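Undergrad: Before I ask anything, here is the structure I am working with.
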Amino acid sequence: MNDDCNDGDDDADDDDDDDDDDDDDNCSLESNYLNVNMSLSSKQKATVKDFFSKMSTRSDDIGAEALSRLVAVYPQTKSYFSHWKDASPGSAPVRKHGITIMGGVYDAVGKIDDLKGGLLSLSELHAFMLRVDPVNFKLLAHCMLVCMSMIFPEEFTPQVHVAVDKFLAQLALALAEKYR
Amino acid sequence: MVEWTAAERRHVEAVWSKIDIDVCGPLALQRCLIVYPWTQRYFGSFGDLSTDAAIMGNPKVAKHGVVALTGLRTALDHMDEIKSTYAALSVLHSEKLHVDPDNFRLLCECLTIVVAGKMGKKLSPEMQAAWQKYLCAVVSALGRQYH
């Protein structure tokens with residue numbers, strides 16, 4: 001869901017006598033998920049490993065697509081890529097970086113039994129150097145789920161969906177560990 | 001009021017043209033009940049929701065999925081007055097059904113994933129953006145009358 005619902009369009013409508021300021025809140029993706037620890041069962045861990053293994057031939061494509069969709073659907077995320085010549089969906093730097101990120105996600109699958117410990121240095125990188133607002137982890141996770149569904153419609157069952165969603169949420173928590 | 005470009009309107013119409021409400025409605029609601037199990041709280045009268053298989057086979061869930069998705073489609077014919085279009089439904093969900101409006105967002109996330117599964121790469125990033133903007137506007141309108 002779009003974190004910034006109407007991209008400010010509502011504010012421009014002077015004729016609307018309703019209070020539009022709280023329109024955006026209903027679409028906020030970050031909600032409470034980053035603060036709620038829903039651990040994976042061992043069955044769900046196995047589901048995640050199995051699906052990611054199936055996905056591995058298309059992982060670059062999914063990573064590239066996911067980041068393209070992040071900047072398309074949530075344009076505010078482009079603020080992190082102002083140093084690129086072109087941060088539009090499908091551009092070379094976006095696709096390349098999407099592949100890099102997906103590589104990190106795959107690495108995390110291998111550390112699924114101790115994400116906090118395994119992702120310590122990545123967390124430090126994100127906290128002290130990149131300083132990506134953790135709300136964006138959830139936005140990217142959503143885009144990844146959409147891409148997984150697009151590319152593996154049969155395999156991305158509700159059971160796989162819930163396991164991967166939980167995993168990505170745990171991954172986000174581990175990445176945000178060192179933020180403060 | 002939400003402003004729509006001509007391209008966004010086209011994208012939203014294009015997505016809806018690919019959706020079979022009788023198929024996607026049930027799939028979206030089933031997925032929501034499975035992926036976000038706390039949403040089952042509103043369906044105590046629907047019978048057996050105790051397992052994923054029970055949810056997938058439950059005829060009341062399927063029927064309600066069609067109802068919900070039909071409701072989501074209403075905005076397509078009223079893109080410039082979404083708030084007023086859903087005012088009565090918002091009151092209903094708030095006063096009578098007592099649904100936490102966060103659940104609208106969860107259902108829409110699951111719907112997007114179902115749509116992505118059906119459309120594959122035909123759902124371009126720009127189409128996905130317009131589609132999510134549409135759902136966001138509807139979700140916002142549905143939550144509007146809560147107090």
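Ordering of the structure tokens sets the chain letters (A, B, ...); residue numbers start at 1 within each chain; ligands are numbered from 1 in the order shown.
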If the cut-off is 7 Å, can you tell me the residues of chain B near chain A, counting only C-alpha atoms? I'd like them as a list of chain:residue names.
TA: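 Result, ordered by chain then number: B:Met1, B:Val2, B:Glu3, B:Arg31, B:Ile34, B:Val35, B:Asp102, B:Arg105, B:Glu109, B:Ile113, B:Ala116, B:Gly117, B:Met119, B:Gly120, B:Lys121, B:Pro125, B:Glu126, B:Gln128, B:Ala129, B:Gln132, B:Lys133, B:Cys136, B:Val139, B:Ser140, B:Gly143.
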Undergrad: Would you list, as a ChimeraX atom specification, the residues of region 92-126 of chain B that end up in alpha helix (DSSP H) under DSSP run on this structure's backbone?
TA: /B:102-119,125-126
Undergrad: Any chance you can output those residues with N, CA and C atoms as a CSV table (one decimal), in the first residue's frame?
TA:
```
chain,number,residue,atom,x,y,z
B,102,ASP,N,-7.8,-1.1,9.5
B,102,ASP,CA,-6.5,-1.6,9.0
B,102,ASP,C,-6.7,-2.9,8.2
B,103,ASN,N,-7.8,-3.6,8.5
B,103,ASN,CA,-8.1,-4.8,7.7
B,103,ASN,C,-8.4,-4.6,6.3
B,104,PHE,N,-8.9,-3.4,5.9
B,104,PHE,CA,-9.1,-3.1,4.5
B,104,PHE,C,-7.8,-3.1,3.8
B,105,ARG,N,-6.8,-2.5,4.4
B,105,ARG,CA,-5.5,-2.5,3.8
B,105,ARG,C,-4.9,-3.9,3.6
B,106,LEU,N,-5.1,-4.7,4.6
B,106,LEU,CA,-4.6,-6.1,4.5
B,106,LEU,C,-5.3,-6.9,3.4
B,107,LEU,N,-6.6,-6.7,3.3
B,107,LEU,CA,-7.3,-7.4,2.2
B,107,LEU,C,-6.8,-6.9,0.8
B,108,CYS,N,-6.5,-5.6,0.7
B,108,CYS,CA,-6.1,-5.0,-0.5
B,108,CYS,C,-4.7,-5.5,-0.9
B,109,GLU,N,-3.8,-5.7,0.1
B,109,GLU,CA,-2.5,-6.2,-0.1
B,109,GLU,C,-2.6,-7.6,-0.7
B,110,CYS,N,-3.5,-8.4,-0.1
B,110,CYS,CA,-3.7,-9.8,-0.6
B,110,CYS,C,-4.2,-9.7,-2.0
B,111,LEU,N,-5.2,-8.8,-2.3
B,111,LEU,CA,-5.8,-8.7,-3.6
B,111,LEU,C,-4.7,-8.4,-4.6
B,112,THR,N,-3.8,-7.4,-4.3
B,112,THR,CA,-2.7,-7.1,-5.2
B,112,THR,C,-1.9,-8.3,-5.6
B,113,ILE,N,-1.6,-9.1,-4.6
B,113,ILE,CA,-0.8,-10.3,-4.8
B,113,ILE,C,-1.5,-11.3,-5.7
B,114,VAL,N,-2.8,-11.4,-5.5
B,114,VAL,CA,-3.6,-12.3,-6.3
B,114,VAL,C,-3.6,-11.8,-7.7
B,115,VAL,N,-3.8,-10.5,-7.9
B,115,VAL,CA,-3.8,-9.9,-9.2
B,115,VAL,C,-2.5,-10.1,-9.9
B,116,ALA,N,-1.4,-9.9,-9.1
B,116,ALA,CA,-0.1,-10.1,-9.7
B,116,ALA,C,0.1,-11.5,-10.2
B,117,GLY,N,-0.4,-12.4,-9.4
B,117,GLY,CA,-0.3,-13.9,-9.8
B,117,GLY,C,-1.1,-14.1,-11.1
B,118,LYS,N,-2.2,-13.5,-11.3
B,118,LYS,CA,-3.0,-13.7,-12.5
B,118,LYS,C,-2.4,-13.0,-13.7
B,119,MET,N,-1.8,-11.8,-13.5
B,119,MET,CA,-1.4,-11.0,-14.6
B,119,MET,C,0.1,-11.2,-15.0
B,125,PRO,N,5.2,-2.0,-13.6
B,125,PRO,CA,5.4,-1.1,-12.4
B,125,PRO,C,4.4,0.0,-12.4
B,126,GLU,N,4.2,0.7,-13.6
B,126,GLU,CA,3.3,1.8,-13.6
B,126,GLU,C,1.9,1.4,-13.4
```
Undergrad: Extract, using only C-alpha atoms, all DNA, RNA and protein residues at most 8 Å from Leu120 (chain A), discarding same-chain residues fewer than 6 positions from it, and format them as a PDB file with N, CA and C atoms, in the first residue's frame.
TA:
```pdb
ATOM      1  N   ALA A 174      15.824  -7.407  11.940  1.00  0.00           N
ATOM      2  CA  ALA A 174      17.256  -7.643  12.144  1.00  0.00           C
ATOM      3  C   ALA A 174      18.083  -6.507  11.536  1.00  0.00           C
ATOM      4  N   LEU A 175      17.663  -6.019  10.384  1.00  0.00           N
ATOM      5  CA  LEU A 175      18.374  -4.916   9.737  1.00  0.00           C
ATOM      6  C   LEU A 175      18.257  -3.629  10.545  1.00  0.00           C
ATOM      7  N   GLU A 177      18.057  -3.467  13.748  1.00  0.00           N
ATOM      8  CA  GLU A 177      18.547  -3.736  15.102  1.00  0.00           C
ATOM      9  C   GLU A 177      19.490  -2.671  15.635  1.00  0.00           C
ATOM     10  N   LYS A 178      20.408  -2.208  14.778  1.00  0.00           N
ATOM     11  CA  LYS A 178      21.448  -1.294  15.273  1.00  0.00           C
ATOM     12  C   LYS A 178      21.087   0.181  15.140  1.00  0.00           C
TER      13      LYS A 178
END
```
Undergrad: Quick one: everything within 10 Å of region 87-89 of chain B, counting only C-alpha atoms, minus sequence neighbours fewer than 3 positions away in the same chain. Send it as a list in words.
TA: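 That gives Gly71, Ile82, Lys83, Ser84, Leu92, His93, Ser94, Glu95, Ala141, Leu142, Gly143, Arg144 and Gln145 of chain B.
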Undergrad: Write the selection just made, keeping N, CA, C and O atoms, as an mmCIF file, in the first residue's frame?
TA:
```
data_model
loop_
_atom_site.group_PDB
_atom_site.id
_atom_site.type_symbol
_atom_site.label_atom_id
_atom_site.label_comp_id
_atom_site.auth_asym_id
_atom_site.auth_seq_id
_atom_site.Cartn_x
_atom_site.Cartn_y
_atom_site.Cartn_z
ATOM 1 N N GLY B 71 -17.557 -4.684 -4.207
ATOM 2 C CA GLY B 71 -17.553 -3.382 -3.542
ATOM 3 C C GLY B 71 -16.324 -2.573 -3.903
ATOM 4 O O GLY B 71 -16.409 -1.358 -4.116
ATOM 5 N N ILE B 82 -14.741 9.280 -4.898
ATOM 6 C CA ILE B 82 -14.594 8.019 -4.158
ATOM 7 C C ILE B 82 -15.057 8.166 -2.721
ATOM 8 O O ILE B 82 -15.746 7.303 -2.176
ATOM 9 N N LYS B 83 -14.699 9.297 -2.088
ATOM 10 C CA LYS B 83 -15.097 9.500 -0.684
ATOM 11 C C LYS B 83 -16.595 9.385 -0.502
ATOM 12 O O LYS B 83 -17.077 8.669 0.359
ATOM 13 N N SER B 84 -17.353 10.114 -1.302
ATOM 14 C CA SER B 84 -18.813 10.107 -1.121
ATOM 15 C C SER B 84 -19.404 8.758 -1.528
ATOM 16 O O SER B 84 -20.367 8.284 -0.922
ATOM 17 N N LEU B 92 -21.313 1.716 7.689
ATOM 18 C CA LEU B 92 -21.699 0.322 7.936
ATOM 19 C C LEU B 92 -20.561 -0.451 8.592
ATOM 20 O O LEU B 92 -20.744 -1.141 9.601
ATOM 21 N N HIS B 93 -19.342 -0.330 8.026
ATOM 22 C CA HIS B 93 -18.204 -1.087 8.555
ATOM 23 C C HIS B 93 -17.814 -0.613 9.945
ATOM 24 O O HIS B 93 -17.332 -1.395 10.765
ATOM 25 N N SER B 94 -18.059 0.674 10.204
ATOM 26 C CA SER B 94 -17.697 1.224 11.503
ATOM 27 C C SER B 94 -18.758 0.926 12.552
ATOM 28 O O SER B 94 -18.470 0.344 13.605
ATOM 29 N N GLU B 95 -19.998 1.318 12.248
ATOM 30 C CA GLU B 95 -21.046 1.275 13.279
ATOM 31 C C GLU B 95 -21.654 -0.097 13.463
ATOM 32 O O GLU B 95 -22.045 -0.473 14.564
ATOM 33 N N ALA B 141 -11.299 5.980 1.912
ATOM 34 C CA ALA B 141 -12.719 6.343 1.940
ATOM 35 C C ALA B 141 -13.497 5.449 2.890
ATOM 36 O O ALA B 141 -14.388 5.894 3.620
ATOM 37 N N LEU B 142 -13.140 4.170 2.921
ATOM 38 C CA LEU B 142 -13.842 3.223 3.796
ATOM 39 C C LEU B 142 -13.552 3.512 5.266
ATOM 40 O O LEU B 142 -14.364 3.201 6.142
ATOM 41 N N GLY B 143 -12.419 4.119 5.538
ATOM 42 C CA GLY B 143 -12.072 4.411 6.922
ATOM 43 C C GLY B 143 -12.519 5.785 7.373
ATOM 44 O O GLY B 143 -12.435 6.142 8.548
ATOM 45 N N ARG B 144 -13.007 6.554 6.445
ATOM 46 C CA ARG B 144 -13.332 7.952 6.651
ATOM 47 C C ARG B 144 -14.351 8.249 7.736
ATOM 48 O O ARG B 144 -14.224 9.228 8.483
ATOM 49 N N GLN B 145 -15.398 7.438 7.816
ATOM 50 C CA GLN B 145 -16.525 7.754 8.712
ATOM 51 C C GLN B 145 -16.349 7.200 10.107
ATOM 52 O O GLN B 145 -17.261 7.269 10.933
#
```
Undergrad: Given only C-alpha atoms as the basis, pick out the residue of A:Asp113, A:Ala64, A:Val105, A:Val132 nearest to Pro93 (chain A).
TA: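 When distances to Pro93 (chain A) are compared using only C-alpha atoms, the smallest one comes from A:Ala64.
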